[in-house]
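Text of structure_2.pdb, listed as PDB, C-alpha atoms and all ligand atoms:
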ATOM      1  CA  MET Z  89      -4.793   9.640  -7.478  1.00  0.00           C
ATOM      2  CA  GLU Z  90      -6.254  11.938  -4.833  1.00  0.00           C
ATOM      3  CA  CYS Z  91      -4.127  12.065  -1.697  1.00  0.00           C
ATOM      4  CA  ARG Z  92      -6.212  11.098   1.348  1.00  0.00           C
ATOM      5  CA  LEU Z  93      -3.599  11.130   4.101  1.00  0.00           C
ATOM      6  CA  VAL Z  94       0.090  11.742   4.561  1.00  0.00           C
ATOM      7  CA  ALA Z  95       1.897  10.980   7.821  1.00  0.00           C
ATOM      8  CA  THR Z  96       5.563  11.816   8.224  1.00  0.00           C
ATOM      9  CA  HIS Z  97       8.175  11.654  10.994  1.00  0.00           C
ATOM     10  CA  LEU Z  98       6.846   8.274  12.037  1.00  0.00           C
ATOM     11  CA  ASN Z  99       9.086   5.711  13.686  1.00  0.00           C
ATOM     12  CA  VAL Z 100       7.480   2.351  13.004  1.00  0.00           C
ATOM     13  CA  GLN Z 101       9.915  -0.403  13.924  1.00  0.00           C
ATOM     14  CA  ALA Z 102      10.336  -3.881  12.457  1.00  0.00           C
ATOM     15  CA  GLY Z 103       7.740  -6.239  13.925  1.00  0.00           C
ATOM     16  CA  GLU Z 104       5.230  -3.463  14.495  1.00  0.00           C
ATOM     17  CA  CYS Z 105       2.091  -3.151  12.392  1.00  0.00           C
ATOM     18  CA  ILE Z 106       0.470  -0.312  10.460  1.00  0.00           C
ATOM     19  CA  LYS Z 107      -3.278  -0.881  10.217  1.00  0.00           C
ATOM     20  CA  VAL Z 108      -5.339   1.087   7.680  1.00  0.00           C
ATOM     21  CA  LYS Z 109      -9.092   0.718   8.040  1.00  0.00           C
ATOM     22  CA  GLY Z 110     -11.687   2.271   5.756  1.00  0.00           C
ATOM     23  CA  LYS Z 111     -14.211   1.943   2.986  1.00  0.00           C
ATOM     24  CA  ILE Z 112     -13.528   1.447  -0.700  1.00  0.00           C
ATOM     25  CA  LEU Z 113     -15.627   3.926  -2.665  1.00  0.00           C
ATOM     26  CA  PRO Z 114     -18.534   2.437  -4.657  1.00  0.00           C
ATOM     27  CA  GLU Z 115     -17.112   3.452  -8.033  1.00  0.00           C
ATOM     28  CA  ALA Z 116     -13.482   2.914  -7.053  1.00  0.00           C
ATOM     29  CA  LYS Z 117     -10.930   2.643  -9.857  1.00  0.00           C
ATOM     30  CA  GLY Z 118      -8.057   2.064  -7.435  1.00  0.00           C
ATOM     31  CA  PHE Z 119      -6.362   3.116  -4.247  1.00  0.00           C
ATOM     32  CA  ALA Z 120      -2.861   2.915  -2.815  1.00  0.00           C
ATOM     33  CA  VAL Z 121      -1.149   2.652   0.549  1.00  0.00           C
ATOM     34  CA  ASN Z 122       2.471   3.827   0.492  1.00  0.00           C
ATOM     35  CA  VAL Z 123       5.029   3.277   3.253  1.00  0.00           C
ATOM     36  CA  GLY Z 124       8.700   4.129   3.354  1.00  0.00           C
ATOM     37  CA  LYS Z 125      11.209   6.814   4.244  1.00  0.00           C
ATOM     38  CA  ASP Z 126       9.554   9.691   2.364  1.00  0.00           C
ATOM     39  CA  ARG Z 127       7.399  10.289  -0.755  1.00  0.00           C
ATOM     40  CA  SER Z 128      10.290   9.493  -3.086  1.00  0.00           C
ATOM     41  CA  ASN Z 129      11.590   6.442  -1.211  1.00  0.00           C
ATOM     42  CA  LEU Z 130       8.814   3.922  -0.780  1.00  0.00           C
ATOM     43  CA  VAL Z 131       9.550   0.481   0.547  1.00  0.00           C
ATOM     44  CA  LEU Z 132       6.032  -0.492  -0.535  1.00  0.00           C
ATOM     45  CA  HIS Z 133       3.476   1.014  -2.872  1.00  0.00           C
ATOM     46  CA  PHE Z 134       0.456  -1.261  -2.343  1.00  0.00           C
ATOM     47  CA  ASN Z 135      -2.000  -0.508  -5.157  1.00  0.00           C
ATOM     48  CA  PRO Z 136      -5.222  -2.471  -5.624  1.00  0.00           C
ATOM     49  CA  ARG Z 137      -6.592  -1.659  -9.097  1.00  0.00           C
ATOM     50  CA  PHE Z 138     -10.262  -2.270  -9.891  1.00  0.00           C
ATOM     51  CA  ASP Z 139      -9.931  -0.732 -13.333  1.00  0.00           C
ATOM     52  CA  SER Z 140      -6.926   1.547 -13.819  1.00  0.00           C
ATOM     53  CA  HIS Z 141      -3.727   1.714 -15.828  1.00  0.00           C
ATOM     54  CA  GLY Z 142      -5.088  -1.109 -17.993  1.00  0.00           C
ATOM     55  CA  ASP Z 143      -5.430  -3.460 -15.015  1.00  0.00           C
ATOM     56  CA  VAL Z 144      -8.711  -4.978 -13.776  1.00  0.00           C
ATOM     57  CA  ASN Z 145      -8.867  -6.512 -10.292  1.00  0.00           C
ATOM     58  CA  VAL Z 146      -5.119  -6.708  -9.816  1.00  0.00           C
ATOM     59  CA  ILE Z 147      -2.993  -5.745  -6.823  1.00  0.00           C
ATOM     60  CA  VAL Z 148       0.193  -4.006  -7.992  1.00  0.00           C
ATOM     61  CA  CYS Z 149       3.048  -3.763  -5.520  1.00  0.00           C
ATOM     62  CA  ASN Z 150       6.217  -1.810  -6.152  1.00  0.00           C
ATOM     63  CA  SER Z 151       8.993   0.143  -4.497  1.00  0.00           C
ATOM     64  CA  MET Z 152      10.352   3.565  -5.312  1.00  0.00           C
ATOM     65  CA  GLU Z 153      13.942   4.671  -4.738  1.00  0.00           C
ATOM     66  CA  ASP Z 154      14.964   8.308  -5.204  1.00  0.00           C
ATOM     67  CA  GLY Z 155      11.761   8.864  -7.189  1.00  0.00           C
ATOM     68  CA  MET Z 156      12.338   5.924  -9.562  1.00  0.00           C
ATOM     69  CA  TRP Z 157       9.891   3.011  -9.621  1.00  0.00           C
ATOM     70  CA  GLY Z 158      11.241  -0.490  -9.174  1.00  0.00           C
ATOM     71  CA  THR Z 159       9.919  -3.653 -10.774  1.00  0.00           C
ATOM     72  CA  GLU Z 160       6.237  -4.301 -10.206  1.00  0.00           C
ATOM     73  CA  GLU Z 161       4.890  -7.460  -8.624  1.00  0.00           C
ATOM     74  CA  ARG Z 162       1.265  -8.319  -9.427  1.00  0.00           C
ATOM     75  CA  GLU Z 163      -1.288 -10.390  -7.548  1.00  0.00           C
ATOM     76  CA  THR Z 164      -4.515 -11.456  -9.269  1.00  0.00           C
ATOM     77  CA  ASP Z 165      -6.090 -13.080  -6.201  1.00  0.00           C
ATOM     78  CA  PHE Z 166      -8.084  -9.928  -5.471  1.00  0.00           C
ATOM     79  CA  PRO Z 167      -9.900  -9.829  -2.086  1.00  0.00           C
ATOM     80  CA  PHE Z 168     -11.458  -6.378  -2.532  1.00  0.00           C
ATOM     81  CA  GLN Z 169     -14.944  -5.262  -3.585  1.00  0.00           C
ATOM     82  CA  GLN Z 170     -16.013  -1.727  -4.522  1.00  0.00           C
ATOM     83  CA  GLY Z 171     -18.086  -0.239  -1.689  1.00  0.00           C
ATOM     84  CA  ASP Z 172     -16.781  -2.647   0.931  1.00  0.00           C
ATOM     85  CA  LYS Z 173     -15.143  -1.854   4.242  1.00  0.00           C
ATOM     86  CA  THR Z 174     -11.681  -3.324   4.513  1.00  0.00           C
ATOM     87  CA  GLU Z 175      -8.592  -3.393   6.702  1.00  0.00           C
ATOM     88  CA  ILE Z 176      -4.958  -3.645   5.596  1.00  0.00           C
ATOM     89  CA  CYS Z 177      -2.191  -4.494   8.076  1.00  0.00           C
ATOM     90  CA  ILE Z 178       1.395  -3.904   6.992  1.00  0.00           C
ATOM     91  CA  SER Z 179       4.261  -5.331   9.041  1.00  0.00           C
ATOM     92  CA  PHE Z 180       7.899  -5.733   8.054  1.00  0.00           C
ATOM     93  CA  ASP Z 181      11.406  -6.778   8.893  1.00  0.00           C
ATOM     94  CA  THR Z 182      14.677  -5.947   7.163  1.00  0.00           C
ATOM     95  CA  ALA Z 183      14.023  -8.687   4.579  1.00  0.00           C
ATOM     96  CA  GLU Z 184      10.364  -8.316   3.620  1.00  0.00           C
ATOM     97  CA  LEU Z 185       7.024  -6.708   4.207  1.00  0.00           C
ATOM     98  CA  THR Z 186       3.838  -8.668   4.889  1.00  0.00           C
ATOM     99  CA  VAL Z 187       0.446  -7.230   3.990  1.00  0.00           C
ATOM    100  CA  LYS Z 188      -2.421  -8.979   5.779  1.00  0.00           C
ATOM    101  CA  LEU Z 189      -5.766  -8.673   4.032  1.00  0.00           C
ATOM    102  CA  ALA Z 190      -9.324  -9.853   4.529  1.00  0.00           C
ATOM    103  CA  GLY Z 191      -9.940 -13.599   4.403  1.00  0.00           C
ATOM    104  CA  ASP Z 192      -6.551 -14.415   5.947  1.00  0.00           C
ATOM    105  CA  LYS Z 193      -4.886 -13.502   2.658  1.00  0.00           C
ATOM    106  CA  GLU Z 194      -1.277 -12.299   2.844  1.00  0.00           C
ATOM    107  CA  ILE Z 195       1.021 -10.662   0.322  1.00  0.00           C
ATOM    108  CA  VAL Z 196       4.770 -10.697   0.933  1.00  0.00           C
ATOM    109  CA  PHE Z 197       7.005  -8.126  -0.791  1.00  0.00           C
ATOM    110  CA  PRO Z 198      10.788  -7.753  -0.504  1.00  0.00           C
ATOM    111  CA  ASN Z 199      12.205  -4.893   1.566  1.00  0.00           C
ATOM    112  CA  ARG Z 200      14.244  -3.657  -1.383  1.00  0.00           C
ATOM    113  CA  LEU Z 201      15.376  -0.514   0.449  1.00  0.00           C
ATOM    114  CA  GLY Z 202      16.518  -2.466   3.533  1.00  0.00           C
ATOM    115  CA  LEU Z 203      14.642  -0.007   5.734  1.00  0.00           C
ATOM    116  CA  GLN Z 204      14.852  -0.704   9.468  1.00  0.00           C
ATOM    117  CA  ASN Z 205      12.038   1.702  10.305  1.00  0.00           C
ATOM    118  CA  ILE Z 206       9.152   3.366   8.481  1.00  0.00           C
ATOM    119  CA  GLU Z 207       8.869   7.151   8.704  1.00  0.00           C
ATOM    120  CA  TYR Z 208       6.278   7.804   5.987  1.00  0.00           C
ATOM    121  CA  LEU Z 209       2.724   6.655   5.280  1.00  0.00           C
ATOM    122  CA  SER Z 210       0.327   7.907   2.626  1.00  0.00           C
ATOM    123  CA  VAL Z 211      -3.068   6.753   1.416  1.00  0.00           C
ATOM    124  CA  GLU Z 212      -4.226   7.769  -2.064  1.00  0.00           C
ATOM    125  CA  GLY Z 213      -7.186   7.162  -4.332  1.00  0.00           C
ATOM    126  CA  ASP Z 214     -10.745   5.889  -3.942  1.00  0.00           C
ATOM    127  CA  PHE Z 215     -10.596   5.002  -0.264  1.00  0.00           C
ATOM    128  CA  ALA Z 216     -12.365   6.689   2.676  1.00  0.00           C
ATOM    129  CA  ILE Z 217     -10.128   6.256   5.721  1.00  0.00           C
ATOM    130  CA  LYS Z 218     -11.867   5.268   8.965  1.00  0.00           C
ATOM    131  CA  ALA Z 219      -8.867   4.637  11.195  1.00  0.00           C
ATOM    132  CA  ILE Z 220      -5.109   4.326  11.190  1.00  0.00           C
ATOM    133  CA  LYS Z 221      -3.527   2.284  13.986  1.00  0.00           C
ATOM    134  CA  PHE Z 222       0.092   1.652  14.832  1.00  0.00           C
ATOM    135  CA  SER Z 223       0.611  -1.352  17.077  1.00  0.00           C
TER
HETATM  136  C1  LIG I 301       3.467  -1.453 -20.208  1.00  0.00           C
HETATM  137  C2  LIG I 301       4.292  -0.399 -20.226  1.00  0.00           C
HETATM  138  C3  LIG I 301       4.103   0.633 -19.201  1.00  0.00           C
HETATM  139  O1  LIG I 301       3.914  -0.097 -17.928  1.00  0.00           O
HETATM  140  C4  LIG I 301       3.039   0.630 -17.113  1.00  0.00           C
HETATM  141  O2  LIG I 301       3.759   1.801 -16.652  1.00  0.00           O
HETATM  142  C5  LIG I 301       2.905   2.633 -15.837  1.00  0.00           C
HETATM  143  C6  LIG I 301       3.646   3.936 -15.534  1.00  0.00           C
HETATM  144  O3  LIG I 301       4.784   3.655 -14.745  1.00  0.00           O
HETATM  145  C7  LIG I 301       2.568   1.844 -14.549  1.00  0.00           C
HETATM  146  O4  LIG I 301       1.673   2.643 -13.753  1.00  0.00           O
HETATM  147  C8  LIG I 301       2.270   3.206 -12.593  1.00  0.00           C
HETATM  148  O5  LIG I 301       2.562   2.121 -11.661  1.00  0.00           O
HETATM  149  C9  LIG I 301       3.131   2.636 -10.445  1.00  0.00           C
HETATM  150  C10 LIG I 301       3.517   1.436  -9.600  1.00  0.00           C
HETATM  151  O6  LIG I 301       4.490   0.674 -10.310  1.00  0.00           O
HETATM  152  C11 LIG I 301       2.080   3.512  -9.732  1.00  0.00           C
HETATM  153  O7  LIG I 301       0.937   2.725  -9.404  1.00  0.00           O
HETATM  154  C12 LIG I 301       1.686   4.664 -10.660  1.00  0.00           C
HETATM  155  O8  LIG I 301       0.552   5.407 -10.184  1.00  0.00           O
HETATM  156  C13 LIG I 301       0.531   5.938  -8.881  1.00  0.00           C
HETATM  157  C14 LIG I 301       1.597   6.925  -8.727  1.00  0.00           C
HETATM  158  C15 LIG I 301       2.211   7.184  -7.585  1.00  0.00           C
HETATM  159  N1  LIG I 301       3.134   8.112  -7.916  1.00  0.00           N
HETATM  160  C16 LIG I 301       4.038   8.668  -7.056  1.00  0.00           C
HETATM  161  N2  LIG I 301       5.055   9.483  -7.389  1.00  0.00           N
HETATM  162  N3  LIG I 301       5.710   9.734  -6.213  1.00  0.00           N
HETATM  163  C17 LIG I 301       5.047   9.081  -5.238  1.00  0.00           C
HETATM  164  N4  LIG I 301       5.352   9.071  -3.922  1.00  0.00           N
HETATM  165  N5  LIG I 301       3.993   8.412  -5.730  1.00  0.00           N
HETATM  166  N6  LIG I 301       3.118   8.424  -9.206  1.00  0.00           N
HETATM  167  N7  LIG I 301       2.149   7.689  -9.717  1.00  0.00           N
HETATM  168  C18 LIG I 301       1.232   4.139 -11.988  1.00  0.00           C
HETATM  169  O9  LIG I 301       1.062   5.259 -12.878  1.00  0.00           O
HETATM  170  C19 LIG I 301       1.824   0.564 -14.933  1.00  0.00           C
HETATM  171  O10 LIG I 301       1.527  -0.221 -13.768  1.00  0.00           O
HETATM  172  C20 LIG I 301       2.691  -0.240 -15.902  1.00  0.00           C
HETATM  173  N8  LIG I 301       1.939  -1.436 -16.350  1.00  0.00           N
HETATM  174  C21 LIG I 301       2.547  -2.610 -16.498  1.00  0.00           C
HETATM  175  C22 LIG I 301       1.654  -3.743 -16.976  1.00  0.00           C
HETATM  176  O11 LIG I 301       3.738  -2.760 -16.269  1.00  0.00           O
END
Can you give me the file's structure in the form of structure tokens?
Amino acid sequence: MECRLVATHLNVQAGECIKVKGKILPEAKGFAVNVGKDRSNLVLHFNPRFDSHGDVNVIVCNSMEDGMWGTEERETDFPFQQGDKTEICISFDTAELTVKLAGDKEIVFPNRLGLQNIEYLSVEGDFAIKAIKFS
């Protein structure tokens, strides 16, 4: 997937929120928002798939530790449409991450790495970023 943004040396604390706002491309196959310590240690790979890797309209969440993927968790309640504007808010504590989506939908994913702060953010794939907000 094409890398759209990489932010490093962040210091996002538990309870704070990372907001990613943008537009899903009209012919999107998928996009991903990754947060963690660095590119090889992701506490969350949040990957909506419209049609990629054999998945259609599925959100795949996973972690990565020392470059090795963990076990995927999949969500088929899919609140995204190709061509739409959308906003994703990621917050976390030492136990879990919460991803707030459109329509008051939430996805909770375990903080498998036990991270107490987030230093790394990347956005990949068919997504045109409008704004990134840390609050
Ligand atoms: C059925 C047997 C094989 O399982 C498939 O195995 C594929 C390869 O691992 C899985 O796709 C990967 O799933 C990952 C999340 O678990 C990622 O979405 C990965 O694509 C994005 C990606 C990121 N990165 C990456 N490397 N380093 C960093 N920071 N990012 N490398 N590839 C995808 O290529 C794919 O989701 C998985 N499918 C199932 C149903 O399990």
Contacts of range 110-126 of chain Z within 7 Å, all atoms listed in the file, excl. fewer than 6 positions in-chain, as a ChimeraX atom specification: /Z:132-140,170-175,206-219
Write to file, as an mmCIF file, in the coordinates of the input, the residues of the selection just made, with C-alpha atoms.
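Okay, again_12.cif is ready:
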data_model
loop_
_atom_site.group_PDB
_atom_site.id
_atom_site.type_symbol
_atom_site.label_atom_id
_atom_site.label_comp_id
_atom_site.auth_asym_id
_atom_site.auth_seq_id
_atom_site.Cartn_x
_atom_site.Cartn_y
_atom_site.Cartn_z
ATOM 1 C CA LEU Z 132 6.032 -0.492 -0.535
ATOM 2 C CA HIS Z 133 3.476 1.014 -2.872
ATOM 3 C CA PHE Z 134 0.456 -1.261 -2.343
ATOM 4 C CA ASN Z 135 -2.000 -0.508 -5.157
ATOM 5 C CA PRO Z 136 -5.222 -2.471 -5.624
ATOM 6 C CA ARG Z 137 -6.592 -1.659 -9.097
ATOM 7 C CA PHE Z 138 -10.262 -2.270 -9.891
ATOM 8 C CA ASP Z 139 -9.931 -0.732 -13.333
ATOM 9 C CA SER Z 140 -6.926 1.547 -13.819
ATOM 10 C CA GLN Z 170 -16.013 -1.727 -4.522
ATOM 11 C CA GLY Z 171 -18.086 -0.239 -1.689
ATOM 12 C CA ASP Z 172 -16.781 -2.647 0.931
ATOM 13 C CA LYS Z 173 -15.143 -1.854 4.242
ATOM 14 C CA THR Z 174 -11.681 -3.324 4.513
ATOM 15 C CA GLU Z 175 -8.592 -3.393 6.702
ATOM 16 C CA ILE Z 206 9.152 3.366 8.481
ATOM 17 C CA GLU Z 207 8.869 7.151 8.704
ATOM 18 C CA TYR Z 208 6.278 7.804 5.987
ATOM 19 C CA LEU Z 209 2.724 6.655 5.280
ATOM 20 C CA SER Z 210 0.327 7.907 2.626
ATOM 21 C CA VAL Z 211 -3.068 6.753 1.416
ATOM 22 C CA GLU Z 212 -4.226 7.769 -2.064
ATOM 23 C CA GLY Z 213 -7.186 7.162 -4.332
ATOM 24 C CA ASP Z 214 -10.745 5.889 -3.942
ATOM 25 C CA PHE Z 215 -10.596 5.002 -0.264
ATOM 26 C CA ALA Z 216 -12.365 6.689 2.676
ATOM 27 C CA ILE Z 217 -10.128 6.256 5.721
ATOM 28 C CA LYS Z 218 -11.867 5.268 8.965
ATOM 29 C CA ALA Z 219 -8.867 4.637 11.195
#
Selection within 8 Å of ligand LIG 301 (chain I) by all atoms listed in the file, output as a ChimeraX atom specification: /Z:89,120,122,126-130,133,135,141-143,148-152,155,157-160
Those selected residues, please, written with C-alpha atoms and delivered as a JSON list (two decimals), in the frame of the given file.
[["chain", "number", "residue", "atom", "x", "y", "z"],
["Z", 89, "MET", "CA", -4.79, 9.64, -7.48],
["Z", 120, "ALA", "CA", -2.86, 2.92, -2.82],
["Z", 122, "ASN", "CA", 2.47, 3.83, 0.49],
["Z", 126, "ASP", "CA", 9.55, 9.69, 2.36],
["Z", 127, "ARG", "CA", 7.40, 10.29, -0.76],
["Z", 128, "SER", "CA", 10.29, 9.49, -3.09],
["Z", 129, "ASN", "CA", 11.59, 6.44, -1.21],
["Z", 130, "LEU", "CA", 8.81, 3.92, -0.78],
["Z", 133, "HIS", "CA", 3.48, 1.01, -2.87],
["Z", 135, "ASN", "CA", -2.00, -0.51, -5.16],
["Z", 141, "HIS", "CA", -3.73, 1.71, -15.83],
["Z", 142, "GLY", "CA", -5.09, -1.11, -17.99],
["Z", 143, "ASP", "CA", -5.43, -3.46, -15.02],
["Z", 148, "VAL", "CA", 0.19, -4.01, -7.99],
["Z", 149, "CYS", "CA", 3.05, -3.76, -5.52],
["Z", 150, "ASN", "CA", 6.22, -1.81, -6.15],
["Z", 151, "SER", "CA", 8.99, 0.14, -4.50],
["Z", 152, "MET", "CA", 10.35, 3.56, -5.31],
["Z", 155, "GLY", "CA", 11.76, 8.86, -7.19],
["Z", 157, "TRP", "CA", 9.89, 3.01, -9.62],
["Z", 158, "GLY", "CA", 11.24, -0.49, -9.17],
["Z", 159, "THR", "CA", 9.92, -3.65, -10.77],
["Z", 160, "GLU", "CA", 6.24, -4.30, -10.21]]
Box dimensions and centre (Å, one decimal) enclosing range 132-149 of chain Z, axis-aligned, 6 Å extra per side, as JSON:
{"center_x": -2.1, "center_y": -2.5, "center_z": -9.3, "size_x": 28.3, "size_y": 20.4, "size_z": 29.5}
CA of Leu98 in chain Z to CA of Asn199 in chain Z, distance in Å rounded to a single decimal: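 We find that CA of Leu98 in chain Z and CA of Asn199 in chain Z lie 17.7 Å from each other.
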Answer key for the PyMOL selection byres (((chain Z and resi 102) around 9) and not hetatm), residues as an NGL selection string: :Z and (100-101 or 103-105 or 179-182 or 203-206)
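The spacing separating CA of Asn145 in chain Z from CA of Phe222 in chain Z amounts to 27.9 Å.
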Non-local contacts of Cys177 in chain Z (9 Å; all atoms listed in the file; under 4 positions in same chain excluded) as a count of residues only: 9
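CA of Gly202 in chain Z is found 10.4 Å from CA of Leu185 in chain Z.
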Proximity to Pro198 in chain Z - best of Z:Arg162, Z:Glu184, Z:Val144, Z:Met156, only C-alpha atoms: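 The shortest atom-to-atom distance to Pro198 in chain Z comes from Z:Glu184.
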Answer as number ranges by chain, residues within 8 Å of (-4.2, -13.5, -3.8) using all atoms listed in the file: Z: 163-167, 193-195
Give me a file of those residues, with C-alpha atoms, as an mmCIF file, in the frame of the given file.
data_model
loop_
_atom_site.group_PDB
_atom_site.id
_atom_site.type_symbol
_atom_site.label_atom_id
_atom_site.label_comp_id
_atom_site.auth_asym_id
_atom_site.auth_seq_id
_atom_site.Cartn_x
_atom_site.Cartn_y
_atom_site.Cartn_z
ATOM 1 C CA GLU Z 163 -1.288 -10.390 -7.548
ATOM 2 C CA THR Z 164 -4.515 -11.456 -9.269
ATOM 3 C CA ASP Z 165 -6.090 -13.080 -6.201
ATOM 4 C CA PHE Z 166 -8.084 -9.928 -5.471
ATOM 5 C CA PRO Z 167 -9.900 -9.829 -2.086
ATOM 6 C CA LYS Z 193 -4.886 -13.502 2.658
ATOM 7 C CA GLU Z 194 -1.277 -12.299 2.844
ATOM 8 C CA ILE Z 195 1.021 -10.662 0.322
#
